[in-house]
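Participant: My questions will all concern the structure given below.
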Amino acid sequence: MFIYLSKKIAIPNNTKLKCVGWNKEQGYIACGGDDGLLKVLKLESGKDGKVKGLAAPSNLSMNQTLEGHNGQIQVVTWNEPHQKLTSSDQYGLIIVWMLYKGSWYEEMINNRNKSVVRGMAWNTEGQKICIVYEDGAVIVGSVDGNRIWGKELKNVTLAGVCWSPDSRLLLFSMSSGEVHVYDSQGGFVSKVSIQCLGNTSVTSRVVTLAWYNGKHGYKEPGQPTLVICYTNGRMQLMHDENDEDPVCIDAGISVASCQWNHDGSILAVAGQMDLPGSVEKEANVIQFYTPVGDHLRTLKVPGKQISSCAWEGGSLRIALAVDSFIYFANIRPDYKWTYFANTVVYTYTKVDRQDAAVTFWNINTNDKFQKHVRSLLSIASSGEHCVLATKNDDNINPYGLILCNSIGTPVDSKYINIEPLFVTMTSSHVLAASKDSCFVWHFRTAKSWTHLTLDLEKSGKKDRREKMFHIDDNPTGQEMNINHDRMQEKTEDPICALVASEKTLLVGRESGSIHRYSLPNIALINRYNLGTRPHSLALNCNTTCLSIVDVTGLLQFLDLDGSRGGNEGDILKFERKDVWDMKWATDNPDLFAMMEKTRMYIFRNMEPEEPILSSGYICSFQDLEIKAVLLDEILRDPENPSSDLLLELEVKSLRDTRDLLEKVGIKDAQTFIEDNPHPRLWRLLAEAAVEALDLTTAETAYVRCKDYPGIQFVKRLSNITNQTIQKAEVAAWFGQYDEAERLYLEVDRRDLAISLRRKLGDWFKVLQLLKGGGGGTDKEVEEAWNYIGDYYAERHKWEEAVQYYEKSRNEDQLVRCYYILEDYDSLESMVEQLQSTDPLLPKIGSMFASVGMGKQAVEAYVKSNHVPAAIETCVTLNHWHDAVELAKKYNQPTQISSLLAKYAQHLLDEDKTFQAIELYRKANHFLEGAKLLFDVAKAETAKHSSPMRIKKLYVLGALLVEEHQQHIRKTTHGAGSRSSALMGLMDLDGMDPTGSSNIVDGAWRGAEAYHFLMLCQKQLYEGYVDAAMKTALHLREYEDILNNEDIYCLLALSSCANRAFGTCSKAFIKLEALEELSEEEREEYQELAMDIFVKYSPKDSRSNRAECTSCETMIPDNCGVCPSCSTKFPVCVMTGRPLMDLSAVWTCTVCHHRAYEQDVAMRRNCPLCHAAINVT
């Protein structure tokens, strides 16, 4: 920051001032002094003036003397929320003043007459005031004058008071130097630990208690906000009243006043320096500190004794009460900002966020992009990029350098372990420095990546992107390893400034020494000595001169190459004081602009031009034009920066040239420019000469400013004979297109007007000119319609675009517009209109496919002969039947098979077995689906799931096999050839791909097994033990499917119940022989068999016999196979008994299983497959 005195107001009758207060919201200044003097002043600048900001002249808009006090005013304090002023004098009289119709009047008076008031403080909301008297009395009152509570503190002498930001605590300072904490109701809480006084035995009075309320946010998270300042210059900065580790400062002055600025980022301490024998010298100073105790600036103030200070609302000015004067000092903050690529980058802190909001504001387009960065340390820019130096939470590399483009997008980044307090940048390097070390980073952008890769491949070198050196080392430019421990070592002469050009790095140190290094190799070239501590450094465009602004605002120049009449390292005999900003011209090494107080000076060869009133920060200096930005005004409302806050100023030679061209003539202006040559002036002359059709002078001027397009334009003009056409060309050259068109039409050259508008892309005008001149050719009109359609399409006005594309018959764009508008009917009609060879058809097909309109997509693909794409669309949309039909119709079975296999495998991998089965079924690959169902059924069997569920799975698999057989019959029916019939028979065999089993022949075995298992259980529970035994006997055929233990347990149980102990005995023998039984289970079965067969002999008690229908032999009726002729009898699916008489048997049309007609007469569904029974 930089500070300088800017204004002085004298108090009448030389009345000495005691205190001053500045209302931060309304801008009123209250000052109190001897003999009851109390004034309210207000400084305002003219709103309509051309000059804005601090540079605008300010006048007293209010100067009112408030009468009511007699003694010296001791305290004045503002209640900003309620716009009230409270004052107190040496006799204890307190007056509350209010603003009414533009003037201040007494509202309330309070006079205790016992003691003097030592402090008054309003809380943050302005609802309560605390008044403390020297004798220990404390009164807390409300804003409307009511007393809330009062208290007498015994045996203490009070010196001051302040509220905590949340209004819950009160801090009282004592004359002994102690600070006590009380709650808001007057109850004692604690004493504040005072550490800044150390072990000094001399007591010192607390001159200021100030606690920043956080109303405007915090610059740094967790910064100290409470200051306790003593008259001897000692003070401590605390986070809260219990802070055991405060920041202690010794200002070295006798303090009179101490105040936080509006956002708690700067602490101002005003007082007097103790200079022996300097009674008449200026000993008044005001010092500025950061919240962590770093000293920023010291300002000397004239006068004998400074008594008070107060900040303005935006902290850009501070008022100082000295003797009988009020001095105003302007503050120029060190904003974290930069300018590059027509973009102003500035930062600010939002009240509700802890991080910094970095705004990228394009001054040409007025676009704003915001980026939030935690703990932004510094910012710099060059060319098309800027770098943000930040702090993060990484323990190893806690600091980051983020390279951003002009919209705030990160391009590259680097994390380092030194604090980047100072950052500068070139077109290829970022240079960051802590107080002890420098870091050089060769960053990469999208453009540099390619060049860098090619260069490394050619040279074969290893990429070294960063280098680091300690400021006390002497680097020689050789490759060296980075010693991180060395980089952390402290130096006795810290770094305080940094600047770089493409080939040179200059580092300033606090002693005034400047080190010069070469880039990019980092070799120490020279050391220069200034004698003063530099604050900012800047290099001119050819690195021949260095400008230095020191901490006192003194501007000096250092000759870097001995080209300015001396030797290298000489300080030029040129000085300017109170300088807070400077910028070299980017195109002239002898031209620079600087800000001195509220004036901007432009220097050419160290000779100044007339100053310009301004308080803007200089963005750039190029082409004799200076761009500056009023950052103070922008940061008042950072969310809405205005183009009015940008300043564009011209150098005197540019202004003089304009005046000569306007008022004198081209020849005199040319003479002046030859004496003061600059490309910008030659370009100005060329433009004026072209406008006057002085082509010879214009060509000369364009040559001098090296403007090749301008030279070509002048040559083209010289070949035109018609003066009106020449004027039209000139108008077009300067962007006056309407005037150029008017001139073309004036000489009846409509074709040139059309050509101009065509070049400009103004197709509305082209169409208007074509129609107005009798109409152009159809091709020209269609071209105009097409470009107008493009105009609307670029702005996403698709319906308007369609109208013009239809007129221009641009089918490609029409298809795009229809698709975006979701006008699928129009797309379908396009398919009908287009020829089969049109490349748009596949595109339309993909559009239909993307929205799930499979039928329309297939039509488009098939018409364009893209059958594989049509099939793929069907597969994607799960229209497998259509895909199969297409594959068959166009003889492409391999494609559908491969796609089907891939998709099915994908579903199986995701454990979507049933979706895969459904996929196979729809694609007529029934056997694959059946195999999957059988696998699922086997898995369910292993999990001992419900038999009904397992039966259903087997039935579904078998039904798929039946569908497969019907499908084969349909495809081979009527083929007529033996080969096709043979193929059909092979398919009917239904071997699965492994060849391990015959799926078709055994399709119903699983369903039969679980059907008869459940039937046996049902019969047993219903008491039909004989039928249950017959069914159980039949279950022996399914040992490969069912659990053998379940089969023979059922058989043993049912035969035992049927008193067929012979069959029961055989069942127990089988059970005891099962290998999968444990020894315990086997013993249990043996014991059970022993219990049964001890009582009953192992013989069947009865046996019904039936005649075999083949050999007429009498056999047991539970026999499934005749012992004599080996005839196998089908089993009734209704009862489970063998069907020996086939004359009265019903057969299911689906599963082909049989049952007696009398048993199924009352049923509607097949007992096995549950197909409907058709009653005939």
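Following the order of the structure tokens, first chain is A, next is B, and so on, with residues numbered from 1 inside each chain and ligands from 1 in the order they appear.
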Applying 12 Å and only C-alpha atoms, which residues near Asp644 in chain A remain after dropping the ones on its own chain fewer than 4 positions away? List them as number ranges by chain.
Facilitator: A: 50-53, 363, 366, 628-631, 633-634, 640, 648
Participant: Would you list, as a PyMOL selection string, the residues of range 292-340 of chain A that end up in strand (DSSP E or B) under DSSP run on this structure's backbone?
Facilitator: chain A and resi 295-301+306-311+317-322+325-332+337-340
Participant: Which polymer residues have any atom within 12 Å of an atom of Ala728 in chain A, counting only C-alpha atoms, with same-chain residues fewer than 6 positions away left out, as a list in words?
Facilitator: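 Counting only C-alpha atoms, the residues come to Val690, Glu691, Leu693, Leu717, Ile720, Asn722, Phe734, Gly735, Gln736, Tyr737, Asp738, Glu739, Ala740, Glu741, Arg742, Leu743, Tyr744, Leu745, Glu746, Val747, Arg749, Leu752, Ala753 and Leu756 of chain A.
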Participant: So which residues touch range 282-287 of chain A within 9 Å, counting only C-alpha atoms, skipping near sequence neighbours fewer than 3 positions away, as a PyMOL selection string?
Facilitator: chain A and resi 251+253+267-275+278-279+295-306+309+320+322
Participant: Write out as a ChimeraX atom specification each polymer residue whose atoms come within 10 Å of Gln670 in chain A, counting only C-alpha atoms; drop sequence neighbours fewer than 4 positions from it.
Facilitator: /A:657,660-661,665-666,674-677,681-682,685-686,697,701
Participant: Could you tell me how far CA of Ile11 in chain A lies from CA of Gly102 in chain A, in Å and to one decimal?
Facilitator: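 A separation of 21.6 Å between them.
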Participant: Enumerate, in order of chain and increasing residue number, the residues of range 587-638 of chain A with an atom no farther than 12 Å from range 568-574 of chain A, each with its shortest atom pair and distance in Å to one decimal, counting only C-alpha atoms, as JSON lines.
Facilitator:
{"residue": "A:Phe603", "atom": "CA", "partner": "A:Phe574", "partner_atom": "CA", "distance": 11.4}
{"residue": "A:Asn605", "atom": "CA", "partner": "A:Phe574", "partner_atom": "CA", "distance": 10.8}
{"residue": "A:Met606", "atom": "CA", "partner": "A:Phe574", "partner_atom": "CA", "distance": 7.5}
{"residue": "A:Glu607", "atom": "CA", "partner": "A:Phe574", "partner_atom": "CA", "distance": 9.9}
{"residue": "A:Pro608", "atom": "CA", "partner": "A:Phe574", "partner_atom": "CA", "distance": 11.4}
Participant: Write the residues you've just listed into a file as an mmCIF file, in the first residue's frame, and include N, CA, C and O atoms for each of them.
Facilitator:
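Dumped to result_33.cif:
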data_model
loop_
_atom_site.group_PDB
_atom_site.id
_atom_site.type_symbol
_atom_site.label_atom_id
_atom_site.label_comp_id
_atom_site.auth_asym_id
_atom_site.auth_seq_id
_atom_site.Cartn_x
_atom_site.Cartn_y
_atom_site.Cartn_z
ATOM 1 N N PHE A 603 6.034 10.340 -19.370
ATOM 2 C CA PHE A 603 7.396 10.811 -19.594
ATOM 3 C C PHE A 603 7.938 10.230 -20.902
ATOM 4 O O PHE A 603 7.778 9.044 -21.171
ATOM 5 N N ASN A 605 11.691 10.214 -22.660
ATOM 6 C CA ASN A 605 13.103 10.561 -22.410
ATOM 7 C C ASN A 605 13.273 11.366 -21.118
ATOM 8 O O ASN A 605 13.980 12.366 -21.062
ATOM 9 N N MET A 606 12.536 10.949 -20.110
ATOM 10 C CA MET A 606 12.584 11.556 -18.780
ATOM 11 C C MET A 606 12.016 12.980 -18.740
ATOM 12 O O MET A 606 12.187 13.686 -17.742
ATOM 13 N N GLU A 607 11.328 13.397 -19.795
ATOM 14 C CA GLU A 607 10.688 14.716 -19.826
ATOM 15 C C GLU A 607 9.182 14.524 -19.666
ATOM 16 O O GLU A 607 8.553 13.806 -20.450
ATOM 17 N N PRO A 608 8.573 15.205 -18.673
ATOM 18 C CA PRO A 608 7.143 14.967 -18.425
ATOM 19 C C PRO A 608 6.243 15.777 -19.358
ATOM 20 O O PRO A 608 6.603 16.851 -19.818
#
Participant: Would you mind listing what lies within 9 Å of Ala870 in chain A as a list in words, with only C-alpha atoms counted and same-chain residues fewer than 2 positions away left out?
Facilitator: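 My reading of the contact set: Gly845, Gly854, Ala857, Val858, Glu859, Ala860, Tyr861, Val862, His866, Val867, Pro868, Glu872, Thr873, Cys874, Val875, Ala883 and Leu886 of chain A.
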Participant: Near range 111-114 of chain A, counting only C-alpha atoms, which residues have an atom at most 9 Å away, once you skip same-chain residues fewer than 6 positions from it, shown as an mmCIF file with N, CA, C and O atoms, in the first residue's frame?
Facilitator:
data_model
loop_
_atom_site.group_PDB
_atom_site.id
_atom_site.type_symbol
_atom_site.label_atom_id
_atom_site.label_comp_id
_atom_site.auth_asym_id
_atom_site.auth_seq_id
_atom_site.Cartn_x
_atom_site.Cartn_y
_atom_site.Cartn_z
ATOM 1 N N TYR A 91 -16.718 17.283 31.441
ATOM 2 C CA TYR A 91 -17.568 17.394 32.630
ATOM 3 C C TYR A 91 -18.552 16.235 32.749
ATOM 4 O O TYR A 91 -19.396 16.231 33.644
ATOM 5 N N GLY A 92 -18.461 15.260 31.844
ATOM 6 C CA GLY A 92 -19.343 14.096 31.920
ATOM 7 C C GLY A 92 -20.661 14.276 31.194
ATOM 8 O O GLY A 92 -21.536 13.408 31.278
ATOM 9 N N LEU A 93 -20.862 15.402 30.483
ATOM 10 C CA LEU A 93 -22.109 15.619 29.760
ATOM 11 C C LEU A 93 -22.101 14.762 28.478
ATOM 12 O O LEU A 93 -21.164 14.818 27.692
ATOM 13 N N ILE A 94 -23.172 13.994 28.310
ATOM 14 C CA ILE A 94 -23.317 13.140 27.126
ATOM 15 C C ILE A 94 -24.506 13.643 26.313
ATOM 16 O O ILE A 94 -25.598 13.868 26.868
ATOM 17 N N ILE A 95 -24.294 13.833 25.027
ATOM 18 C CA ILE A 95 -25.382 14.258 24.142
ATOM 19 C C ILE A 95 -25.470 13.276 22.969
ATOM 20 O O ILE A 95 -24.455 12.917 22.360
ATOM 21 N N TYR A 133 -17.289 5.450 32.996
ATOM 22 C CA TYR A 133 -16.773 6.641 33.659
ATOM 23 C C TYR A 133 -15.465 6.299 34.359
ATOM 24 O O TYR A 133 -15.208 5.145 34.712
ATOM 25 N N ASP A 135 -14.540 6.859 37.286
ATOM 26 C CA ASP A 135 -14.656 6.392 38.668
ATOM 27 C C ASP A 135 -15.172 4.962 38.789
ATOM 28 O O ASP A 135 -15.442 4.489 39.892
#
